[in-house]
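Text of the file final.cif, holding mmCIF, C-alpha atoms:
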data_upload
#
loop_
_atom_site.label_atom_id
_atom_site.label_comp_id
_atom_site.auth_asym_id
_atom_site.auth_seq_id
_atom_site.Cartn_x
_atom_site.Cartn_y
_atom_site.Cartn_z
CA MET F 1 -20.06 -13.38 10.13
CA LYS F 2 -19.26 -9.78 9.27
CA ILE F 3 -15.90 -8.82 7.73
CA LEU F 4 -14.38 -5.36 7.97
CA VAL F 5 -12.12 -4.50 5.02
CA LEU F 6 -9.88 -1.44 5.40
CA ILE F 7 -9.64 0.60 2.20
CA ASP F 8 -7.06 3.39 1.94
CA GLY F 9 -6.81 3.73 -1.83
CA SER F 10 -3.55 1.78 -2.14
CA LYS F 11 -3.15 -1.26 -4.36
CA TRP F 12 -2.59 -3.30 -1.20
CA SER F 13 -6.00 -2.48 0.21
CA GLN F 14 -7.52 -3.37 -3.16
CA LYS F 15 -5.77 -6.73 -2.97
CA ALA F 16 -7.16 -7.14 0.54
CA ALA F 17 -10.65 -6.43 -0.75
CA LEU F 18 -10.24 -8.97 -3.54
CA HIS F 19 -9.03 -11.62 -1.09
CA ALA F 20 -11.99 -10.90 1.17
CA ILE F 21 -14.45 -11.62 -1.64
CA GLY F 22 -13.52 -15.31 -1.71
CA LEU F 23 -13.55 -15.52 2.05
CA ALA F 24 -16.96 -13.85 2.28
CA LYS F 25 -18.41 -16.21 -0.31
CA ARG F 26 -17.12 -19.29 1.50
CA LYS F 27 -18.30 -18.07 4.91
CA ASN F 28 -21.50 -16.50 3.58
CA ALA F 29 -20.32 -13.34 5.31
CA GLU F 30 -21.33 -9.72 4.98
CA VAL F 31 -18.54 -7.25 4.15
CA VAL F 32 -18.13 -3.62 5.16
CA LEU F 33 -15.58 -1.57 3.20
CA PHE F 34 -14.23 0.97 5.65
CA SER F 35 -12.20 4.11 4.91
CA VAL F 36 -11.01 6.92 7.13
CA LEU F 37 -10.12 10.35 5.80
CA ASP F 38 -7.87 12.49 7.94
CA ILE F 39 -7.86 16.26 7.33
CA ALA F 40 -4.25 16.33 8.54
CA GLU F 41 -3.31 14.34 5.47
CA ALA F 42 -5.01 16.84 3.18
CA LYS F 43 -3.17 19.67 4.91
CA ALA F 44 0.19 17.94 4.54
CA MET F 45 -0.43 17.15 0.90
CA THR F 46 -1.58 20.70 0.20
CA PHE F 47 1.36 22.30 1.95
CA ASN F 48 3.93 20.14 0.19
CA PHE F 49 2.30 20.59 -3.19
CA CYS F 50 1.94 24.38 -2.87
CA ALA F 51 5.42 24.85 -1.39
CA GLN F 52 7.06 22.85 -4.15
CA SER F 53 5.01 24.54 -6.85
CA GLY F 54 5.58 28.05 -5.51
CA ILE F 55 1.87 28.80 -5.10
CA CYS F 56 1.70 29.27 -1.34
CA GLU F 57 -0.84 32.11 -1.64
CA GLN F 58 -3.39 29.56 -2.86
CA LEU F 59 -2.89 27.20 0.09
CA LYS F 60 -6.44 27.35 1.47
CA ASP F 61 -8.04 26.99 -1.98
CA TYR F 62 -5.99 23.91 -2.68
CA GLU F 63 -6.70 22.41 0.73
CA SER F 64 -10.45 22.47 0.21
CA ARG F 65 -10.04 21.18 -3.33
CA ILE F 66 -7.77 18.31 -2.26
CA TRP F 67 -10.04 17.44 0.68
CA LYS F 68 -12.99 17.28 -1.70
CA ASP F 69 -10.99 15.18 -4.15
CA MET F 70 -9.93 12.80 -1.37
CA HIS F 71 -13.60 12.20 -0.60
CA LYS F 72 -14.49 11.67 -4.23
CA SER F 73 -11.55 9.42 -4.84
CA ILE F 74 -12.23 7.08 -1.91
CA GLU F 75 -15.92 7.02 -2.82
CA ASP F 76 -14.96 6.00 -6.36
CA ASP F 77 -12.63 3.31 -5.00
CA GLN F 78 -15.34 1.94 -2.75
CA ASN F 79 -17.99 2.11 -5.46
CA SER F 80 -15.90 0.14 -7.93
CA LEU F 81 -15.23 -2.50 -5.25
CA LEU F 82 -18.91 -2.58 -4.27
CA THR F 83 -19.81 -3.23 -7.90
CA ARG F 84 -17.36 -6.10 -7.98
CA TYR F 85 -18.70 -7.55 -4.71
CA ARG F 86 -22.29 -7.32 -5.91
CA GLY F 87 -21.28 -9.04 -9.12
CA GLU F 88 -19.99 -11.88 -6.94
CA LYS F 89 -23.29 -11.88 -5.00
CA VAL F 90 -21.59 -10.89 -1.75
CA LEU F 91 -23.58 -8.73 0.64
CA CYS F 92 -21.50 -5.58 0.98
CA SER F 93 -21.68 -1.95 2.03
CA GLY F 94 -19.30 0.99 2.26
CA LYS F 95 -18.57 3.34 5.13
CA ILE F 96 -16.40 6.47 5.04
CA VAL F 97 -15.63 8.47 8.17
CA GLU F 98 -13.43 11.45 9.01
CA GLY F 99 -10.93 11.48 11.85
CA SER F 100 -7.79 9.78 13.10
CA VAL F 101 -7.24 6.60 11.10
CA ARG F 102 -6.00 4.58 14.06
CA ASP F 103 -8.81 5.66 16.40
CA GLU F 104 -11.62 5.21 13.89
CA VAL F 105 -10.40 1.79 12.72
CA VAL F 106 -10.06 0.51 16.29
CA ARG F 107 -13.48 1.90 17.22
CA GLU F 108 -15.17 0.28 14.23
CA ALA F 109 -13.31 -3.05 14.51
CA ASN F 110 -14.16 -3.35 18.21
CA SER F 111 -17.80 -2.38 17.82
CA GLY F 112 -18.70 -6.01 18.40
CA ASP F 113 -20.08 -6.67 14.95
CA TYR F 114 -17.03 -8.11 13.23
CA GLY F 115 -15.47 -11.56 13.11
CA LEU F 116 -12.49 -10.52 11.01
CA VAL F 117 -10.59 -7.41 9.90
CA VAL F 118 -8.82 -7.54 6.52
CA MET F 119 -6.13 -5.06 5.48
CA GLY F 120 -3.25 -4.68 3.03
CA ALA F 121 0.28 -5.42 4.23
CA PHE F 122 1.49 -2.07 2.98
CA GLY F 123 0.05 1.39 2.58
CA ARG F 124 0.25 4.08 -0.03
CA SER F 125 3.99 4.49 0.50
CA GLY F 126 4.62 1.17 -1.21
CA LYS F 127 6.69 -1.73 0.05
CA THR F 128 9.32 0.27 1.90
CA ARG F 129 8.00 -0.97 5.21
CA ILE F 130 5.06 -2.82 6.68
CA SER F 131 1.92 -0.72 7.01
CA ALA F 132 2.28 1.68 9.91
CA LEU F 133 -1.38 1.04 10.57
CA LEU F 134 -0.66 -2.62 11.33
CA GLU F 135 1.72 -1.60 14.11
CA GLN F 136 -0.86 0.83 15.46
CA ILE F 137 -3.90 -1.42 15.43
CA GLY F 138 -2.36 -4.91 15.60
CA GLY F 139 -2.66 -5.15 19.35
CA ALA F 140 -5.74 -2.98 19.69
CA VAL F 141 -8.37 -4.70 17.56
CA SER F 142 -10.24 -7.62 19.06
CA PRO F 143 -11.15 -9.68 15.96
CA PRO F 144 -8.48 -11.66 14.10
CA LEU F 145 -6.61 -9.58 11.55
CA LEU F 146 -5.85 -10.84 8.05
CA VAL F 147 -2.91 -9.04 6.42
CA VAL F 148 -2.94 -9.49 2.64
CA ARG F 149 -0.08 -9.11 0.12
CA MET D 1 -5.17 9.60 0.55
CA GLY D 2 -6.96 8.01 -2.38
CA TYR D 3 -6.29 11.22 -4.25
CA SER D 4 -2.95 10.36 -5.81
CA SER D 5 -3.69 6.64 -5.95
CA ALA D 6 -6.79 7.35 -7.99
CA LEU D 7 -4.77 9.58 -10.23
CA ILE D 8 -2.35 6.74 -10.83
CA GLN D 9 -4.84 3.92 -10.97
CA ARG D 10 -7.48 5.45 -13.18
CA LYS D 11 -5.89 8.34 -15.03
CA PHE D 12 -2.20 7.64 -15.25
CA LYS D 13 -2.67 4.74 -17.64
CA ASP D 14 -4.21 7.11 -20.19
CA ILE D 15 -1.54 9.74 -19.71
CA VAL D 16 1.41 7.47 -20.33
CA GLY D 17 -0.26 5.42 -23.06
CA ARG D 18 2.23 3.06 -24.66
CA ARG D 19 4.74 3.63 -21.88
CA TYR D 20 2.37 2.01 -19.40
CA GLU D 21 4.18 -1.33 -19.37
CA SER D 22 7.51 0.20 -18.38
CA VAL D 23 5.79 2.38 -15.80
CA LEU D 24 4.09 -0.69 -14.37
CA LYS D 25 7.47 -2.40 -14.05
CA GLU D 26 9.04 0.54 -12.28
CA TYR D 27 6.07 1.50 -10.10
CA GLY D 28 4.62 -1.97 -9.52
CA GLU D 29 4.29 -1.47 -5.77
CA PHE D 30 1.71 1.26 -6.37
CA LEU D 31 -0.19 -0.10 -9.37
CA LEU D 32 -2.48 -3.12 -9.29
CA ALA D 33 -1.60 -5.16 -12.36
CA ASP D 34 -4.27 -7.20 -14.12
CA GLU D 35 -2.73 -10.50 -13.04
CA GLU D 36 -2.89 -9.39 -9.41
CA MET D 37 -6.67 -9.24 -9.64
CA LEU D 38 -6.65 -13.03 -9.32
CA VAL D 39 -6.40 -14.16 -5.71
CA PRO D 40 -4.11 -17.19 -5.27
CA GLU D 41 -5.71 -20.23 -3.66
CA VAL D 42 -4.74 -21.11 -0.11
CA ARG D 43 -3.96 -24.82 0.08
CA SER D 44 -1.47 -24.90 2.95
CA ILE D 45 -1.33 -22.86 6.13
CA LEU D 46 1.61 -22.64 8.53
CA ILE D 47 0.86 -22.12 12.22
CA PRO D 48 3.81 -21.79 14.61
CA LEU D 49 3.13 -22.61 18.26
CA ASP D 50 5.09 -22.09 21.43
CA LEU D 51 4.68 -21.65 25.16
CA PHE D 52 3.00 -18.27 24.62
CA ALA D 53 0.97 -19.22 21.55
CA HIS D 54 -0.36 -22.51 22.81
CA ASP D 55 -3.93 -22.33 21.60
CA ILE D 56 -5.59 -21.56 18.30
CA THR D 57 -8.72 -19.59 19.09
CA ASP D 58 -12.15 -20.70 17.92
CA GLU D 59 -12.44 -17.45 15.93
CA ALA D 60 -9.23 -18.24 14.07
CA ILE D 61 -10.32 -21.83 13.41
CA ASP D 62 -13.61 -20.54 12.03
CA ILE D 63 -11.76 -18.30 9.56
CA LEU D 64 -9.23 -20.98 8.60
CA SER D 65 -12.11 -23.35 7.88
CA ALA D 66 -12.99 -21.14 4.90
CA TYR D 67 -9.90 -22.49 3.15
CA ASP D 68 -9.63 -26.05 1.94
CA ALA D 69 -6.10 -26.20 3.30
CA THR D 70 -3.72 -28.53 5.08
CA ILE D 71 -2.38 -27.04 8.29
CA SER D 72 1.30 -27.39 9.22
CA LEU D 73 2.00 -26.90 12.91
CA ALA D 74 5.53 -25.97 13.88
CA TYR D 75 7.04 -25.97 17.36
CA ILE D 76 10.42 -24.25 17.43
CA THR D 77 12.64 -24.32 20.51
CA ASP D 78 14.66 -21.12 20.61
CA ALA D 79 18.25 -21.97 19.64
CA GLY D 80 19.50 -18.84 21.40
CA VAL D 81 18.14 -20.04 24.74
CA VAL D 82 19.57 -23.52 24.21
CA GLU D 83 23.02 -22.06 23.48
CA LEU D 84 22.79 -19.69 26.43
CA ILE D 85 22.00 -22.51 28.87
CA GLU D 86 24.94 -24.55 27.61
CA GLN D 87 27.29 -21.57 27.88
CA THR D 88 26.16 -20.40 31.30
CA LEU D 89 25.48 -23.81 32.90
CA ASP D 90 26.65 -26.99 31.22
CA ARG D 91 25.80 -29.43 28.47
CA ALA D 92 23.74 -31.69 30.76
CA SER D 93 21.51 -28.75 31.77
CA MET D 94 21.08 -27.81 28.14
CA GLU D 95 20.09 -31.36 27.24
CA GLU D 96 17.66 -31.51 30.14
CA PHE D 97 16.10 -28.20 29.05
CA GLN D 98 15.84 -29.36 25.47
CA ALA D 99 14.25 -32.67 26.47
CA LYS D 100 11.64 -30.86 28.57
CA LYS D 101 10.88 -28.43 25.75
CA GLU D 102 10.49 -31.32 23.31
CA GLU D 103 8.18 -33.14 25.70
CA TYR D 104 6.06 -30.00 26.09
CA GLY D 105 6.13 -29.34 22.36
CA GLN D 106 5.08 -32.88 21.56
CA ARG D 107 2.11 -32.66 23.94
CA LEU D 108 1.13 -29.26 22.55
CA LEU D 109 1.30 -30.47 18.96
CA GLU D 110 -0.75 -33.59 19.74
CA ARG D 111 -3.40 -31.56 21.57
CA THR D 112 -3.62 -29.02 18.74
CA VAL D 113 -3.75 -31.69 16.05
CA ALA D 114 -6.66 -33.33 17.88
CA LYS D 115 -8.51 -30.00 18.08
CA LEU D 116 -7.95 -29.23 14.40
CA GLU D 117 -8.93 -32.70 13.27
CA GLU D 118 -12.19 -32.36 15.20
CA HIS D 119 -12.88 -29.44 12.87
CA GLY D 120 -12.07 -31.50 9.79
CA PHE D 121 -8.57 -30.17 9.04
CA SER D 122 -5.78 -32.37 7.77
CA THR D 123 -2.58 -31.59 9.62
CA GLN D 124 1.14 -32.19 9.73
CA THR D 125 3.64 -31.28 12.42
CA ARG D 126 7.27 -30.34 12.77
CA MET D 127 9.43 -29.72 15.82
CA PHE D 128 13.01 -28.50 15.86
CA VAL D 129 15.52 -26.17 17.48
CA GLY D 130 15.88 -22.95 15.53
CA HIS D 131 15.20 -19.24 15.33
CA LYS D 132 11.50 -18.44 15.60
CA GLY D 133 11.42 -15.38 13.34
CA ASP D 134 13.82 -16.54 10.62
CA ASP D 135 12.61 -20.12 10.49
CA VAL D 136 8.93 -19.18 10.27
CA VAL D 137 9.74 -16.84 7.37
CA GLN D 138 11.73 -19.60 5.70
CA MET D 139 8.99 -22.21 6.21
CA ALA D 140 6.32 -19.78 5.02
CA LYS D 141 7.91 -19.90 1.56
CA ASN D 142 6.44 -23.38 1.20
CA HIS D 143 2.97 -22.39 2.37
CA ASP D 144 0.17 -20.19 1.04
CA MET D 145 -0.64 -18.50 4.34
CA VAL D 146 0.75 -18.14 7.83
CA ALA D 147 -1.39 -17.81 10.96
CA LEU D 148 0.22 -16.23 14.01
CA SER D 149 -0.91 -15.70 17.55
CA ARG D 150 -0.40 -12.09 18.62
CA ARG D 151 1.76 -13.44 21.45
CA TYR D 152 4.00 -15.74 19.45
CA ALA D 153 7.56 -15.51 20.81
CA ASN D 154 6.53 -12.64 23.05
CA GLY D 155 6.20 -13.94 26.58
CA GLU D 156 3.17 -13.76 28.82
CA SER D 157 2.56 -10.03 28.51
CA THR D 158 -0.74 -8.87 29.91
CA ASP D 159 -1.37 -6.06 27.45
CA LEU D 160 -2.86 -6.54 24.01
CA SER D 161 0.21 -5.46 22.09
CA ILE D 162 1.40 -7.47 19.14
CA SER D 163 4.64 -9.42 19.43
CA PRO D 164 7.61 -7.73 17.71
CA THR D 165 8.50 -11.13 16.24
CA VAL D 166 5.03 -11.35 14.70
CA LEU D 167 5.45 -7.89 13.17
CA ARG D 168 8.85 -8.85 11.78
CA ILE D 169 7.42 -12.05 10.31
CA CYS D 170 4.56 -10.09 8.71
CA GLN D 171 7.12 -7.72 7.22
CA ARG D 172 9.12 -10.50 5.61
CA VAL D 173 6.70 -13.22 4.50
CA GLU D 174 5.30 -13.16 0.97
CA THR D 175 1.99 -14.77 1.92
CA PRO D 176 -1.11 -13.44 3.65
CA ALA D 177 -0.83 -13.54 7.44
CA LEU D 178 -3.70 -14.14 9.83
CA ILE D 179 -3.01 -12.62 13.24
CA TYR D 180 -5.27 -14.00 15.96
#
Can I see the file as structure tokens?
Amino acid sequence: MKILVLIDGSKWSQKAALHAIGLAKRKNAEVVLFSVLDIAEAKAMTFNFCAQSGICEQLKDYESRIWKDMHKSIEDDQNSLLTRYRGEKVLCSGKIVEGSVRDEVVREANSGDYGLVVMGAFGRSGKTRISALLEQIGGAVSPPLLVVR
Amino acid sequence: MGYSSALIQRKFKDIVGRRYESVLKEYGEFLLADEEMLVPEVRSILIPLDLFAHDITDEAIDILSAYDATISLAYITDAGVVELIEQTLDRASMEEFQAKKEEYGQRLLERTVAKLEEHGFSTQTRMFVGHKGDDVVQMAKNHDMVALSRRYANGESTDLSISPTVLRICQRVETPALIY
């Protein structure tokens, strides 16, 4: 079996990844850590940051810097999880793509390779509400979906 | 994002130093505490069934088999429908409806128990009149995981959308939820 674990940098996706370790060991499954980076998110973050800080003339500089940092940050997140997985002797790899989160997750999950998708119950906004991603992909992904708290 | 989460997760601890404990208390929904690195064992799994969620798929059974867990099957007859029939028709019609639902539920539970036991699961069952969303959330408090068909309490829709009741249950339970 192959397990797809969605990693968005939140503590909830880290918990999902930790839960998937035990599952992968018991099922002798291979795990793919999957992250999607959306440039729209970098733009929103940049605009809000620059507008609130009064540095709107540096908008484009900050956008490229934040976009680069988003890449580095998710790579670091995945690398630390990959180290943990390898320490547990679980076959694991990481995959980072750019695009619409919903579209890329559905495409990957339905590629035919996966027996399970694992995700956190909440996103980076905390526990205010259930992950918006769950509502978007819940009915669109073919494999069973494990939502971890 | 990853950007701000990394800032919090890896750098923020150093910035706040001795204040970290109070920050962790206040911002616990964003920070992964050390004790959360341990994944709780799953020893009991709740699976609600109904007319629309009448089969546990082989894929779901395969995943559930990874846990050394007892499975509790629950068949809940919608109390709202029972009340509505009594109000709009009469008590005899309501009792007839309820008896038919119980007969169906009993057969469904027996069939599902047999299937699960073939796969080596130990099972228990429960059948009652109640509210599907609220009662599943309440029962989930005594289980380590809940497994839900995408169609639970949703009717025989032909599209692949997820039942609003399933989403509401996922929002409210404190356990992991397997949606199949």
Picked residues, the PyMOL selection byres ((chain D) within 10 of (chain F)), as a PyMOL selection string:
chain D and resi 1-7+9-10+27-33+36-41+57+59-60+62-67+145-151+159-164+166-168+170-180
For CA of Phe47 (chain F) and CA of Val106 (chain F), quote the distance in Å rounded to one decimal.
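About the pair CA of Phe47 (chain F) and CA of Val106 (chain F): they are 28.5 Å apart.
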Point-to-point distance from CA of Ser93 (chain F) to CA of Ala29 (chain F), Å rounded to tenths
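So the two atoms, CA of Ser93 (chain F) and CA of Ala29 (chain F), lie 11.9 Å apart.
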Can you tell me, as a ChimeraX atom specification, what residues are no more than 9 Å from Thr70 (chain D) when counting all atoms listed in the file, ignoring any on the same chain fewer than 2 positions away?
/D:43-46,67-68,72,121-124
Would you please work out which residue, of D:Val136, D:Ile169, D:Ala99, D:Val129, is nearest to Ile76 (chain D) when using all atoms listed in the file?
D:Val129
